[in-house]
file my_file.txt (compact mmCIF, C-alpha atoms and all ligand atoms)
# COMPACT_ATOMS: atom_id res chain seq x y z
CA MET A 18 104.48 98.06 145.96
CA GLY A 19 107.57 97.07 147.92
CA PHE A 20 110.48 99.42 148.34
CA LYS A 21 112.63 97.62 145.78
CA ALA A 22 109.89 97.72 143.17
CA PHE A 23 109.31 101.39 143.94
CA ILE A 24 112.98 102.21 143.31
CA LYS A 25 112.98 100.14 140.12
CA THR A 26 109.97 102.05 138.84
CA GLN A 27 111.47 105.43 139.73
CA LYS A 28 114.69 104.52 137.94
CA ALA A 29 112.78 103.45 134.86
CA LYS A 30 110.78 106.69 134.86
CA ALA A 31 113.95 108.75 135.20
CA LYS A 32 115.41 106.93 132.22
CA LEU A 33 112.36 107.68 130.11
CA ARG A 34 112.51 111.36 131.14
CA ARG A 35 116.12 111.52 129.98
CA ALA A 36 114.96 110.14 126.63
CA PHE A 37 112.17 112.76 126.45
CA LYS A 38 114.77 115.43 127.09
CA SER A 39 117.15 114.25 124.35
CA ALA A 40 114.24 113.91 121.96
CA GLY A 41 113.15 117.45 122.70
CA LEU A 42 109.79 116.23 123.95
CA ILE A 43 109.71 118.66 126.84
CA ASN A 44 108.46 122.18 127.50
CA LYS A 45 110.62 124.73 129.32
CA TYR A 46 109.48 127.89 130.96
CA LYS A 47 110.96 130.43 133.32
CA ASN A 48 109.61 130.78 136.82
CA GLY A 49 111.45 133.87 138.06
CA GLU A 50 115.14 132.96 137.85
CA LYS A 51 114.44 129.24 137.71
CA GLU A 52 113.99 127.25 134.53
CA VAL A 53 111.24 124.70 134.91
CA MET A 54 110.98 121.65 132.66
CA VAL A 55 107.68 119.95 131.95
CA TYR A 56 107.77 116.35 130.75
CA PRO A 57 105.11 114.19 129.17
CA THR A 58 103.21 112.36 131.90
CA ILE A 59 104.28 108.79 132.58
CA HIS A 60 101.16 106.92 133.66
CA ASP A 61 102.50 103.45 134.07
CA VAL A 62 105.64 101.36 134.07
CA ALA A 63 105.04 97.61 133.92
CA PHE A 64 107.76 94.98 134.06
CA ASP A 65 106.92 91.70 132.36
CA ASP A 66 109.33 89.06 133.57
CA LYS A 67 108.01 86.39 131.28
CA LYS A 68 108.32 88.45 128.13
CA LYS A 69 111.46 90.11 129.46
CA SER A 70 110.09 93.50 128.62
CA THR A 71 109.19 96.83 130.17
CA ARG A 72 106.14 98.73 129.04
CA TYR A 73 105.71 102.45 129.58
CA VAL A 74 102.51 104.40 129.03
CA PHE A 75 102.83 108.14 128.60
CA THR A 76 100.86 111.09 127.29
CA LEU A 77 102.27 114.09 125.50
CA ILE A 78 101.80 117.62 126.72
CA ASN A 79 98.97 119.34 124.85
CA GLY A 80 100.36 121.17 121.86
CA MET A 81 103.14 118.66 121.17
CA ASP A 82 103.34 117.17 117.71
CA PRO A 83 102.70 113.40 117.98
CA LYS A 84 104.71 112.83 114.79
CA GLU A 85 107.80 113.86 116.74
CA VAL A 86 107.57 110.64 118.75
CA GLU A 87 107.84 108.49 115.65
CA LYS A 88 110.44 110.74 114.07
CA LYS A 89 112.58 110.53 117.18
CA ASP A 90 112.35 106.77 117.65
CA TYR A 91 116.11 106.64 117.16
CA VAL A 92 116.51 108.70 120.34
CA PHE A 93 114.47 106.14 122.25
CA MET A 94 116.66 103.42 120.73
CA GLN A 95 119.79 105.29 121.84
CA HIS A 96 118.48 105.24 125.38
CA PHE A 97 116.78 101.86 125.51
CA GLY A 98 118.50 99.77 122.85
CA LYS A 99 117.15 98.86 119.45
CA HIS A 100 114.52 96.35 120.52
CA ILE A 101 111.71 98.76 121.19
CA GLU A 102 108.18 99.31 119.98
CA ILE A 103 106.33 102.58 120.11
CA ASP A 104 102.58 102.64 119.63
CA GLY A 105 100.19 105.49 119.92
CA ASP A 106 98.10 108.09 118.21
CA TYR A 107 97.84 111.76 118.98
CA LYS A 108 98.47 111.93 122.69
CA LYS A 109 98.78 108.59 124.43
CA PHE A 110 101.72 106.31 123.68
CA ASP A 111 102.98 102.88 124.65
CA LEU A 112 106.69 102.23 124.66
CA THR A 113 107.77 98.62 125.04
CA VAL A 114 111.42 97.83 125.61
CA TYR A 115 112.56 94.26 125.07
CA GLU A 116 115.74 92.67 126.32
CA HIS A 117 116.18 90.61 123.19
CA GLY A 118 115.57 90.99 119.50
CA LEU A 119 114.21 88.35 117.21
CA GLN A 120 116.62 85.99 115.60
CA LYS A 121 117.16 86.92 111.98
CA GLU A 122 116.68 83.51 110.48
CA LEU A 123 115.20 80.43 112.01
CA THR A 124 115.75 77.15 110.24
CA TYR A 125 112.80 74.78 110.22
CA LYS A 126 113.62 71.67 112.18
CA TYR A 127 110.83 69.34 113.13
CA GLN A 128 113.11 67.39 115.37
CA ASP A 129 116.47 68.51 116.53
CA LYS A 130 117.84 65.80 118.76
CA GLU A 131 121.38 67.11 118.99
CA ASN A 132 121.08 70.81 119.54
CA GLU A 133 117.81 71.84 121.01
CA LYS A 134 116.46 68.88 122.90
CA ASN A 135 113.50 70.62 124.39
CA ASN A 136 113.06 73.45 121.98
CA ASP A 137 112.26 71.95 118.60
CA ILE A 138 108.90 71.95 116.83
CA SER A 139 107.98 68.38 117.78
CA THR A 140 108.33 69.31 121.45
CA ALA A 141 106.49 72.61 121.12
CA ILE A 142 103.38 71.02 119.58
CA LYS A 143 102.98 68.22 122.11
CA GLY A 144 99.42 68.07 123.38
CA PHE A 145 97.93 70.19 120.60
CA LYS A 146 95.07 68.82 118.53
CA MET A 147 95.68 70.89 115.40
CA PRO A 148 98.91 72.79 116.04
CA ILE A 149 99.56 75.82 113.86
CA VAL A 150 103.21 76.66 114.36
CA CYS A 151 103.80 80.37 113.86
CA GLY A 152 107.44 80.81 114.78
CA LYS A 153 109.57 82.01 117.66
CA ASP A 154 109.15 85.12 119.75
CA ARG A 155 111.94 87.35 121.06
CA ASN A 156 112.70 85.08 123.95
CA GLY A 157 113.17 82.07 121.74
CA ASN A 158 109.84 80.48 122.65
CA TRP A 159 107.80 78.75 119.99
CA ILE A 160 104.43 80.36 119.41
CA VAL A 161 101.87 77.73 118.53
CA TYR A 162 98.10 77.87 118.59
CA ASP A 163 95.40 75.27 118.15
CA ALA A 164 93.12 75.54 115.13
CA VAL A 165 90.51 73.63 117.13
CA THR A 166 89.96 76.75 119.22
CA GLU A 167 91.06 79.36 116.66
CA PRO A 168 89.86 77.87 113.40
CA ASN A 169 90.54 80.49 110.74
CA ALA A 170 93.64 82.48 109.88
CA LEU A 171 94.69 85.04 107.32
CA ILE A 172 98.29 85.27 106.16
CA SER A 173 98.97 88.56 104.43
CA GLY A 174 101.89 90.63 103.22
CA GLU A 175 103.62 91.91 100.11
CA PRO A 176 105.32 89.71 97.49
CA GLY A 177 108.32 87.89 98.87
CA SER A 178 107.45 88.55 102.50
CA GLY A 179 107.10 84.87 103.40
CA LYS A 180 103.43 83.88 103.10
CA SER A 181 103.80 80.74 101.01
CA THR A 182 106.80 79.64 103.01
CA GLN A 183 104.72 79.93 106.16
CA LEU A 184 101.93 77.85 104.64
CA ARG A 185 104.50 75.28 103.55
CA SER A 186 105.93 74.83 107.03
CA ILE A 187 102.54 74.84 108.78
CA LEU A 188 101.28 72.09 106.46
CA THR A 189 104.48 70.07 106.70
CA THR A 190 104.32 70.11 110.50
CA LEU A 191 100.72 68.92 110.43
CA ILE A 192 101.55 66.14 107.99
CA LYS A 193 104.29 64.90 110.28
CA TYR A 194 102.10 65.21 113.36
CA LYS A 195 98.81 63.72 112.22
CA SER A 196 97.95 60.61 110.28
CA PRO A 197 96.09 60.70 106.92
CA GLU A 198 93.13 59.21 108.82
CA GLN A 199 93.11 62.08 111.30
CA LEU A 200 93.58 65.00 108.97
CA HIS A 201 92.60 65.81 105.40
CA PHE A 202 93.88 68.73 103.35
CA TYR A 203 92.12 70.61 100.59
CA LEU A 204 94.54 72.98 98.92
CA GLY A 205 93.98 75.90 96.58
CA ASP A 206 97.04 77.02 94.67
CA LEU A 207 95.84 79.54 92.15
CA LYS A 208 99.32 80.86 91.46
CA MET A 209 100.43 77.31 90.75
CA SER A 210 103.57 77.92 92.66
CA GLU A 211 103.41 76.30 96.03
CA PHE A 212 101.24 73.31 96.67
CA HIS A 213 102.51 70.99 93.93
CA LEU A 214 104.99 70.07 96.66
CA PHE A 215 102.15 68.30 98.41
CA ASN A 216 100.93 66.30 95.43
CA GLY A 217 101.02 62.67 96.43
CA VAL A 218 100.88 63.24 100.17
CA GLN A 219 98.23 60.93 101.57
CA HIS A 220 96.60 63.60 103.70
CA VAL A 221 95.94 65.72 100.62
CA LYS A 222 92.55 65.06 99.07
CA GLY A 223 92.80 67.67 96.36
CA VAL A 224 94.86 70.51 94.96
CA ALA A 225 92.89 73.06 92.95
CA ILE A 226 94.82 75.33 90.61
CA PHE A 227 92.00 76.89 88.60
CA PRO A 228 89.00 78.78 89.95
CA ASN A 229 86.55 76.20 88.59
CA GLU A 230 88.48 73.44 90.31
CA LEU A 231 88.47 75.41 93.49
CA GLU A 232 84.75 75.88 93.20
CA ARG A 233 84.27 72.14 92.85
CA MET A 234 86.59 71.53 95.76
CA LEU A 235 84.77 74.00 97.99
CA THR A 236 81.43 72.48 97.03
CA HIS A 237 82.81 69.15 98.18
CA VAL A 238 83.98 70.57 101.51
CA TYR A 239 80.68 72.37 101.85
CA ASN A 240 78.74 69.15 101.35
CA GLU A 241 80.99 67.41 103.83
CA MET A 242 80.11 70.20 106.24
CA LEU A 243 76.40 69.56 105.79
CA LYS A 244 76.95 65.84 106.27
CA ARG A 245 78.83 66.49 109.48
CA SER A 246 76.18 68.80 110.91
CA LYS A 247 73.56 66.11 110.30
CA LEU A 248 75.82 63.59 112.01
CA LEU A 249 76.27 65.85 115.05
CA ASN A 250 72.52 66.29 115.22
CA ALA A 251 71.85 62.60 114.94
CA MET A 252 74.41 61.82 117.65
CA GLY A 253 73.29 64.68 119.85
CA VAL A 254 76.78 66.14 120.27
CA MET A 255 78.10 69.66 119.76
CA HIS A 256 81.54 68.97 118.34
CA VAL A 257 83.14 66.34 116.11
CA ASP A 258 85.57 65.57 118.92
CA SER A 259 82.64 64.22 120.94
CA LEU A 260 81.56 61.71 118.29
CA PRO A 261 81.73 58.04 119.28
CA SER A 262 84.87 56.28 118.08
CA ASP A 263 83.14 54.40 115.25
CA LYS A 264 81.78 57.68 113.88
CA LYS A 265 84.95 59.77 114.13
CA VAL A 266 85.70 62.08 111.22
CA PRO A 267 89.07 63.55 110.24
CA TYR A 268 89.84 67.21 110.73
CA ILE A 269 89.85 69.14 107.49
CA LEU A 270 92.22 71.96 106.68
CA LEU A 271 91.35 74.15 103.75
CA ALA A 272 94.40 76.16 102.71
CA ILE A 273 94.29 78.61 99.82
CA ASP A 274 97.38 80.45 98.67
CA GLU A 275 96.28 83.83 97.29
CA ILE A 276 92.56 84.29 97.59
CA VAL A 277 92.40 87.56 95.63
CA MET A 278 92.04 85.55 92.45
CA VAL A 279 88.76 84.03 93.55
CA MET A 280 87.16 86.54 95.86
CA ASP A 281 85.30 88.22 93.01
CA ASN A 282 83.54 84.92 92.40
CA LYS A 283 80.37 85.24 94.50
CA ASP A 284 79.78 81.50 94.86
CA ILE A 285 83.31 80.84 96.03
CA LYS A 286 83.21 83.71 98.47
CA LYS A 287 79.85 82.62 99.83
CA MET A 288 81.07 79.08 100.41
CA LEU A 289 84.25 80.31 102.05
CA VAL A 290 82.24 82.47 104.42
CA GLN A 291 79.94 79.57 105.26
CA ILE A 292 82.80 77.18 105.86
CA GLY A 293 84.55 79.82 107.94
CA SER A 294 81.50 80.48 110.09
CA LEU A 295 80.33 76.92 110.61
CA GLY A 296 83.57 74.96 110.45
CA ARG A 297 84.71 75.17 114.04
CA ALA A 298 82.36 72.58 115.57
CA LEU A 299 82.69 70.41 112.49
CA GLY A 300 86.47 70.15 112.54
CA ILE A 301 86.93 72.20 109.37
CA TYR A 302 89.56 74.94 109.43
CA CYS A 303 90.81 77.60 107.01
CA LEU A 304 94.19 79.11 106.26
CA LEU A 305 94.03 81.81 103.61
CA SER A 306 96.78 83.94 102.14
CA LEU A 307 96.43 87.31 100.48
CA GLN A 308 99.08 89.60 99.01
CA ARG A 309 97.28 92.92 98.90
CA PRO A 310 94.48 93.34 101.38
CA SER A 311 91.73 95.77 100.52
CA HIS A 312 88.39 96.54 102.02
CA ASP A 313 86.41 94.94 99.23
CA ILE A 314 88.24 91.64 99.46
CA LEU A 315 88.37 91.61 103.22
CA ASP A 316 84.94 92.97 103.96
CA THR A 317 83.71 92.92 107.54
CA LYS A 318 82.13 89.51 107.17
CA VAL A 319 85.33 87.85 105.99
CA ARG A 320 87.50 89.76 108.45
CA SER A 321 85.43 88.84 111.46
CA LEU A 322 85.82 85.15 110.63
CA LEU A 323 89.57 85.26 110.24
CA THR A 324 90.40 85.87 113.87
CA VAL A 325 94.06 84.94 113.56
CA ARG A 326 96.09 87.30 111.39
CA MET A 327 99.67 86.94 110.34
CA GLY A 328 100.83 90.25 108.94
CA PHE A 329 104.09 89.90 107.06
CA ARG A 330 105.81 92.96 105.56
CA THR A 331 103.41 95.48 104.03
CA PRO A 332 104.16 98.58 101.95
CA ASP A 333 102.38 100.99 104.28
CA ILE A 334 100.38 101.45 107.45
CA SER A 335 97.02 101.40 105.70
CA ASN A 336 97.71 97.85 104.51
CA SER A 337 98.84 96.83 107.97
CA LYS A 338 95.68 98.28 109.45
CA ILE A 339 93.42 96.33 107.11
CA ILE A 340 95.22 93.15 108.13
CA GLY A 341 95.01 94.20 111.77
CA THR A 342 98.74 94.09 112.37
CA PRO A 343 100.04 97.64 112.68
CA GLY A 344 103.83 97.49 112.64
CA SER A 345 104.00 95.20 109.59
CA GLU A 346 104.92 98.23 107.48
CA LYS A 347 108.09 98.64 109.54
CA ILE A 348 109.40 95.15 108.84
CA SER A 349 112.57 95.31 106.79
CA ARG A 350 112.98 93.66 103.40
CA GLU A 351 116.09 92.09 104.89
CA THR A 352 114.04 89.89 107.19
CA PRO A 353 111.61 87.78 105.19
CA GLY A 354 109.62 85.51 107.47
CA ARG A 355 109.21 88.27 110.03
CA PHE A 356 105.61 89.06 110.91
CA PHE A 357 103.17 90.33 113.46
CA LEU A 358 100.75 87.79 114.84
CA LYS A 359 97.40 89.18 115.88
CA ARG A 360 95.33 86.98 118.14
CA ASP A 361 94.17 88.39 121.45
CA SER A 362 97.25 90.57 121.43
CA LEU A 363 99.84 91.57 118.88
CA GLU A 364 103.25 89.95 118.85
CA GLU A 365 106.29 90.09 116.60
CA ILE A 366 107.52 86.70 115.48
CA GLN A 367 110.09 85.07 113.20
CA ALA A 368 108.67 82.25 111.09
CA PRO A 369 110.71 79.09 110.62
CA TYR A 370 112.34 78.79 107.21
CA LEU A 371 111.63 75.57 105.36
CA THR A 372 113.02 75.52 101.82
CA ASP A 373 111.08 73.63 99.17
CA LYS A 374 114.02 71.23 98.77
CA GLU A 375 113.98 70.39 102.44
CA ALA A 376 110.17 70.14 102.45
CA GLU A 377 110.36 67.67 99.57
CA LYS A 378 112.67 65.49 101.63
CA LEU A 379 110.44 65.66 104.68
CA LEU A 380 107.30 64.89 102.68
CA LYS A 381 108.62 61.97 100.68
CA PRO A 382 107.77 59.29 103.22
CA TYR A 383 104.15 60.44 103.26
CA LYS A 384 103.60 60.18 99.52
CA SER A 385 101.72 57.38 97.88
CA LYS A 386 101.94 56.18 94.27
CA GLU A 387 98.20 55.60 94.11
CA TRP A 388 97.43 59.19 95.02
CA LYS A 389 94.85 61.00 92.91
CA ASN A 390 93.89 64.61 92.89
CA ALA A 391 90.12 64.45 93.28
CA PHE A 392 89.44 67.74 91.58
CA THR A 393 91.32 67.57 88.32
CA GLY A 394 91.01 63.95 87.39
CA PHE A 395 94.75 63.61 86.92
CA SER A 396 97.37 63.54 89.58
CA GLU A 397 99.89 66.11 88.30
CA PRO A 398 98.97 69.44 86.74
CA SER A 399 100.39 69.29 83.22
CA ASN A 400 103.55 71.30 82.79
CA ASP A 401 102.65 73.14 79.61
CA VAL A 402 99.70 74.80 81.31
CA VAL A 403 101.91 76.03 84.12
CA GLU A 404 104.32 77.56 81.65
CA GLU A 405 101.70 79.24 79.51
CA LEU A 406 100.10 81.08 82.39
CA THR A 407 102.63 83.26 84.10
CA GLU A 408 101.93 84.80 87.44
CA GLU A 409 101.93 88.22 85.76
CA ASN A 410 99.15 87.56 83.30
CA ILE A 411 96.75 85.76 85.57
CA PHE A 412 97.48 87.60 88.73
CA ASN A 413 97.47 91.14 87.42
CA GLY A 414 94.44 90.35 85.31
CA VAL A 415 92.52 89.52 88.42
CA LEU A 416 93.84 92.51 90.30
CA ASN A 417 92.90 94.89 87.50
CA HIS A 418 89.52 93.32 87.38
CA VAL A 419 89.05 93.73 91.12
CA ASN A 420 90.37 97.29 91.05
CA SER A 421 88.23 98.33 88.13
CA LYS A 422 85.14 97.31 90.05
CA ARG A 423 85.81 99.74 92.88
N1 LIG B 1 110.71 82.31 107.30
C1 LIG B 1 111.63 82.71 106.42
N2 LIG B 1 112.91 82.86 106.80
C2 LIG B 1 113.84 83.26 105.92
N3 LIG B 1 113.60 83.56 104.64
C3 LIG B 1 112.36 83.43 104.20
C4 LIG B 1 111.29 83.02 105.06
N4 LIG B 1 110.15 83.00 104.35
C5 LIG B 1 110.48 83.40 103.11
N5 LIG B 1 111.79 83.65 103.00
C6 LIG B 1 112.51 84.10 101.78
O1 LIG B 1 111.65 84.94 101.03
C7 LIG B 1 111.38 84.35 99.76
C8 LIG B 1 109.93 84.58 99.39
O2 LIG B 1 109.09 83.90 100.27
P1 LIG B 1 107.61 83.44 99.86
O3 LIG B 1 107.61 82.82 98.53
O4 LIG B 1 107.10 82.66 101.00
O5 LIG B 1 106.91 84.85 99.78
P2 LIG B 1 105.38 85.16 99.46
O6 LIG B 1 104.93 86.11 100.50
O7 LIG B 1 104.61 83.92 99.29
O8 LIG B 1 105.49 85.94 98.09
P3 LIG B 1 104.42 86.03 96.89
O9 LIG B 1 103.34 86.95 97.36
O10 LIG B 1 105.20 86.60 95.77
O11 LIG B 1 103.90 84.65 96.64
C9 LIG B 1 111.75 82.89 99.93
O12 LIG B 1 112.13 82.33 98.71
C10 LIG B 1 112.88 82.95 100.90
O13 LIG B 1 114.09 83.27 100.24
MG MG B 2 103.57 83.13 97.70
call {"tool": "encode", "arguments": {"input": "my_file.txt", "output": "structure tokens", "more": "lines below"}}
Ligand SMILES: Nc1ncnc2c1ncn2[C@@H]1O[C@H](COP(=O)(O)OP(=O)(O)OP(=O)(O)O)[C@@H](O)[C@H]1O
Ligand SMILES: [Mg+2]
result
Amino acid sequence: MGFKAFIKTQKAKAKLRRAFKSAGLINKYKNGEKEVMVYPTIHDVAFDDKKKSTRYVFTLINGMDPKEVEKKDYVFMQHFGKHIEIDGDYKKFDLTVYEHGLQKELTYKYQDKENEKNNDISTAIKGFKMPIVCGKDRNGNWIVYDAVTEPNALISGEPGSGKSTQLRSILTTLIKYKSPEQLHFYLGDLKMSEFHLFNGVQHVKGVAIFPNELERMLTHVYNEMLKRSKLLNAMGVMHVDSLPSDKKVPYILLAIDEIVMVMDNKDIKKMLVQIGSLGRALGIYCLLSLQRPSHDILDTKVRSLLTVRMGFRTPDISNSKIIGTPGSEKISRETPGRFFLKRDSLEEIQAPYLTDKEAEKLLKPYKSKEWKNAFTGFSEPSNDVVEELTEENIFNGVLNHVNSKR
């Protein structure tokens, strides 16, 4: 460590000790006439220039109440500013201090020629095969990952936290980025609230709104999966991307908004697990949303497949833990679209906001009059059905059913 870095570290440590003192996280004892103060041990101070953050690792003195750290987070904010994160359990804690906070609302703009020449979505996804746009981090950078390498994601969080909106913008981006020959969608919309927007879009092969339709749709995807594995075998390649050009197959994205309503159906669950485990090499990817995670819906098998987790606001830490995004319980109601993204690490992100009106405008050019929904036999779900079944009566029915089986 150079001298400058040494001084910087010492200064940072001194600042943290001042915070410990104001928070009362110190022990005092008398040594003769002298009062001696004992501080928690600071093990590490790491400056991350890219993330514009400083991370401290410290351990409490034995006998200190770890709850005091959380209770006194306002003291840490008074010293370090409000953009901090504290993580830890009974003794060891991580404190991360960020220079910037997240922007409160982020308007979805695929292309923004005037304002943000090099910082719009179309620029951020350049070079990706199957870009899943998550949102922006604290430093205003777009966070995008490729479904080709991270095939399955879970989007979870309480009602109104931004799950469907996130699905809407992810799908819209993909529709604008890839042709209907390159990418096919299979959509499950069991709450009948979101995916009707996509009816007519040429990439969309089917929208299932009832469990039996979803079952048929999954069977279709499942069969397609078998077909593709045979094709890979016959061609002697490991991945659909390596198929010769005359044998190329489109990527498939299976997106289901609210899986709780079908996870008690064994056949559906089994097919989902199979598609999730075998899809990667076959170009078949899953995006699933779920309001209330529980251990019986997200059993270990399902969880281990859904390696990407987007944890929007949750009511409490136990929900956040099931999702794998501790911190989600601290997200304020005032910031819908805010979430924690768990991939290799955990990161707080603001999702872009795409209203359904705006999405309709963006999707219009991709719609075709000849479009048919393969899994209902008619192209628009009839309106009277939608009105008869309210979210309350179907959704709670399923939840009660699931709960009663515990
Ligand atoms: N990224 C965002 N930025 C700003 N506001 C948002 C964002 N996402 C959602 N919202 C606001 O929150 C509302 C609810 O969002 P959304 O319908 O996506 O929630 P949800 O999690 O799907 O809820 P439910 O579980 O009830 O279906 C939206 O109508 C919008 O007002
Ligand atoms: Mg929703």
call {"tool": "closest_residue", "arguments": {"input": "my_file.txt", "among": "A:Tyr73, A:Pro83, A:Lys359, A:Phe93", "to": "Phe37 in chain A", "atoms": "all atoms listed in the file"}}
result
A:Phe93
call {"tool": "residues_near_ligand", "arguments": {"input": "my_file.txt", "ligand": "ligand MG 2 (chain B)", "cutoff": "10 Å", "atoms": "only C-alpha atoms and all ligand atoms", "output": "PDB file with C-alpha atoms, in the frame of the given file"}}
result
ATOM      1  CA  SER A 173      98.970  88.560 104.430  1.00  0.00           C
ATOM      2  CA  GLY A 174     101.890  90.630 103.220  1.00  0.00           C
ATOM      3  CA  GLU A 175     103.620  91.910 100.110  1.00  0.00           C
ATOM      4  CA  PRO A 176     105.320  89.710  97.490  1.00  0.00           C
ATOM      5  CA  GLY A 177     108.320  87.890  98.870  1.00  0.00           C
ATOM      6  CA  SER A 178     107.450  88.550 102.500  1.00  0.00           C
ATOM      7  CA  GLY A 179     107.100  84.870 103.400  1.00  0.00           C
ATOM      8  CA  LYS A 180     103.430  83.880 103.100  1.00  0.00           C
ATOM      9  CA  SER A 181     103.800  80.740 101.010  1.00  0.00           C
ATOM     10  CA  THR A 182     106.800  79.640 103.010  1.00  0.00           C
ATOM     11  CA  GLN A 183     104.720  79.930 106.160  1.00  0.00           C
ATOM     12  CA  LEU A 184     101.930  77.850 104.640  1.00  0.00           C
ATOM     13  CA  ARG A 185     104.500  75.280 103.550  1.00  0.00           C
ATOM     14  CA  ASP A 206      97.040  77.020  94.670  1.00  0.00           C
ATOM     15  CA  LYS A 208      99.320  80.860  91.460  1.00  0.00           C
ATOM     16  CA  MET A 209     100.430  77.310  90.750  1.00  0.00           C
ATOM     17  CA  SER A 210     103.570  77.920  92.660  1.00  0.00           C
ATOM     18  CA  GLU A 211     103.410  76.300  96.030  1.00  0.00           C
ATOM     19  CA  ASP A 274      97.380  80.450  98.670  1.00  0.00           C
ATOM     20  CA  GLU A 275      96.280  83.830  97.290  1.00  0.00           C
ATOM     21  CA  SER A 306      96.780  83.940 102.140  1.00  0.00           C
ATOM     22  CA  LEU A 307      96.430  87.310 100.480  1.00  0.00           C
ATOM     23  CA  GLN A 308      99.080  89.600  99.010  1.00  0.00           C
TER      24      GLN A 308
END
call {"tool": "atom_distance", "arguments": {"input": "my_file.txt", "atom1": "CA of Leu295 in chain A", "atom2": "CA of Asn336 in chain A"}}
result
27.9 Å
call {"tool": "residues_around", "arguments": {"input": "my_file.txt", "residues": "Ala141 in chain A", "least_positions_apart": "5", "cutoff": "12 Å", "atoms": "only C-alpha atoms", "output": "PyMOL selection string"}}
result
chain A and resi 126-129+133-136+148-153+157-163+190+194
call {"tool": "residues_around", "arguments": {"input": "my_file.txt", "residues": "Thr76 in chain A", "least_positions_apart": "2", "cutoff": "6 Å", "atoms": "all atoms listed in the file", "output": "PyMOL selection string"}}
result
chain A and resi 57-58+108-109
call {"tool": "write_last_selection", "arguments": {"input": "my_file.txt", "atoms": "C-alpha atoms", "output": "PDB file, in the frame of the given file"}}
result
ATOM      1  CA  PRO A  57     105.110 114.190 129.170  1.00  0.00           C
ATOM      2  CA  THR A  58     103.210 112.360 131.900  1.00  0.00           C
ATOM      3  CA  LYS A 108      98.470 111.930 122.690  1.00  0.00           C
ATOM      4  CA  LYS A 109      98.780 108.590 124.430  1.00  0.00           C
TER       5      LYS A 109
END
call {"tool": "closest_residue", "arguments": {"input": "my_file.txt", "among": "A:Ala170, A:Val86, A:Val224, A:Ala251", "to": "Val325 in chain A", "atoms": "all atoms listed in the file"}}
result
A:Ala170
call {"tool": "closest_residue", "arguments": {"input": "my_file.txt", "among": "A:Leu323, A:Ile276, A:Met242, A:Ala298", "to": "ligand LIG 1 (chain B)", "atoms": "all atoms listed in the file"}}
result
A:Ile276
call {"tool": "atom_distance", "arguments": {"input": "my_file.txt", "atom1": "CA of Phe110 in chain A", "atom2": "CA of Lys30 in chain A"}}
result
14.4 Å
call {"tool": "residues_around", "arguments": {"input": "my_file.txt", "residues": "Tyr302 in chain A", "least_positions_apart": "6", "cutoff": "9 Å", "atoms": "all atoms listed in the file", "output": "PDB file with C-alpha atoms, keeping the file's coordinate frame"}}
result
ATOM      1  CA  ALA A 164      93.120  75.540 115.130  1.00  0.00           C
ATOM      2  CA  VAL A 165      90.510  73.630 117.130  1.00  0.00           C
ATOM      3  CA  GLU A 167      91.060  79.360 116.660  1.00  0.00           C
ATOM      4  CA  PRO A 168      89.860  77.870 113.400  1.00  0.00           C
ATOM      5  CA  ASN A 169      90.540  80.490 110.740  1.00  0.00           C
ATOM      6  CA  ALA A 170      93.640  82.480 109.880  1.00  0.00           C
ATOM      7  CA  TYR A 268      89.840  67.210 110.730  1.00  0.00           C
ATOM      8  CA  ILE A 269      89.850  69.140 107.490  1.00  0.00           C
ATOM      9  CA  LEU A 270      92.220  71.960 106.680  1.00  0.00           C
ATOM     10  CA  LEU A 271      91.350  74.150 103.750  1.00  0.00           C
ATOM     11  CA  ALA A 272      94.400  76.160 102.710  1.00  0.00           C
ATOM     12  CA  ILE A 292      82.800  77.180 105.860  1.00  0.00           C
ATOM     13  CA  GLY A 293      84.550  79.820 107.940  1.00  0.00           C
ATOM     14  CA  GLY A 296      83.570  74.960 110.450  1.00  0.00           C
TER      15      GLY A 296
END
call {"tool": "residues_around", "arguments": {"input": "my_file.txt", "residues": "range 280-286 of chain A", "least_positions_apart": "4", "cutoff": "8 Å", "atoms": "only C-alpha atoms", "output": "list in words"}}
result
Leu231, Glu232, Leu235, Ile276, Val290, Ile314 and Val419 of chain A
call {"tool": "atom_distance", "arguments": {"input": "my_file.txt", "atom1": "CA of Met147 in chain A", "atom2": "CA of Gly300 in chain A"}}
result
9.7 Å
call {"tool": "closest_residue", "arguments": {"input": "my_file.txt", "among": "A:Arg34, A:Lys121, A:Lys89, A:Lys51", "to": "ligand LIG 1 (chain B)", "atoms": "all atoms listed in the file"}}
result
A:Lys121
call {"tool": "decode", "arguments": {"input": "my_file.txt", "residues": "range 348-360 of chain A", "atoms": "C-alpha atoms", "output": "mmCIF file, in the first residue's frame"}}
result
data_model
loop_
_atom_site.group_PDB
_atom_site.id
_atom_site.type_symbol
_atom_site.label_atom_id
_atom_site.label_comp_id
_atom_site.auth_asym_id
_atom_site.auth_seq_id
_atom_site.Cartn_x
_atom_site.Cartn_y
_atom_site.Cartn_z
ATOM 1 C CA ILE A 348 -37.550 -0.953 -0.160
ATOM 2 C CA SER A 349 -40.054 1.841 0.316
ATOM 3 C CA ARG A 350 -43.572 1.780 -1.081
ATOM 4 C CA GLU A 351 -42.714 5.152 -2.568
ATOM 5 C CA THR A 352 -40.287 3.604 -5.022
ATOM 6 C CA PRO A 353 -42.037 0.977 -7.131
ATOM 7 C CA GLY A 354 -39.651 -0.512 -9.661
ATOM 8 C CA ARG A 355 -36.854 -0.628 -7.101
ATOM 9 C CA PHE A 356 -35.369 -4.081 -6.580
ATOM 10 C CA PHE A 357 -32.385 -6.140 -5.626
ATOM 11 C CA LEU A 358 -30.834 -8.181 -8.379
ATOM 12 C CA LYS A 359 -29.177 -11.385 -7.258
ATOM 13 C CA ARG A 360 -26.796 -12.963 -9.715
#
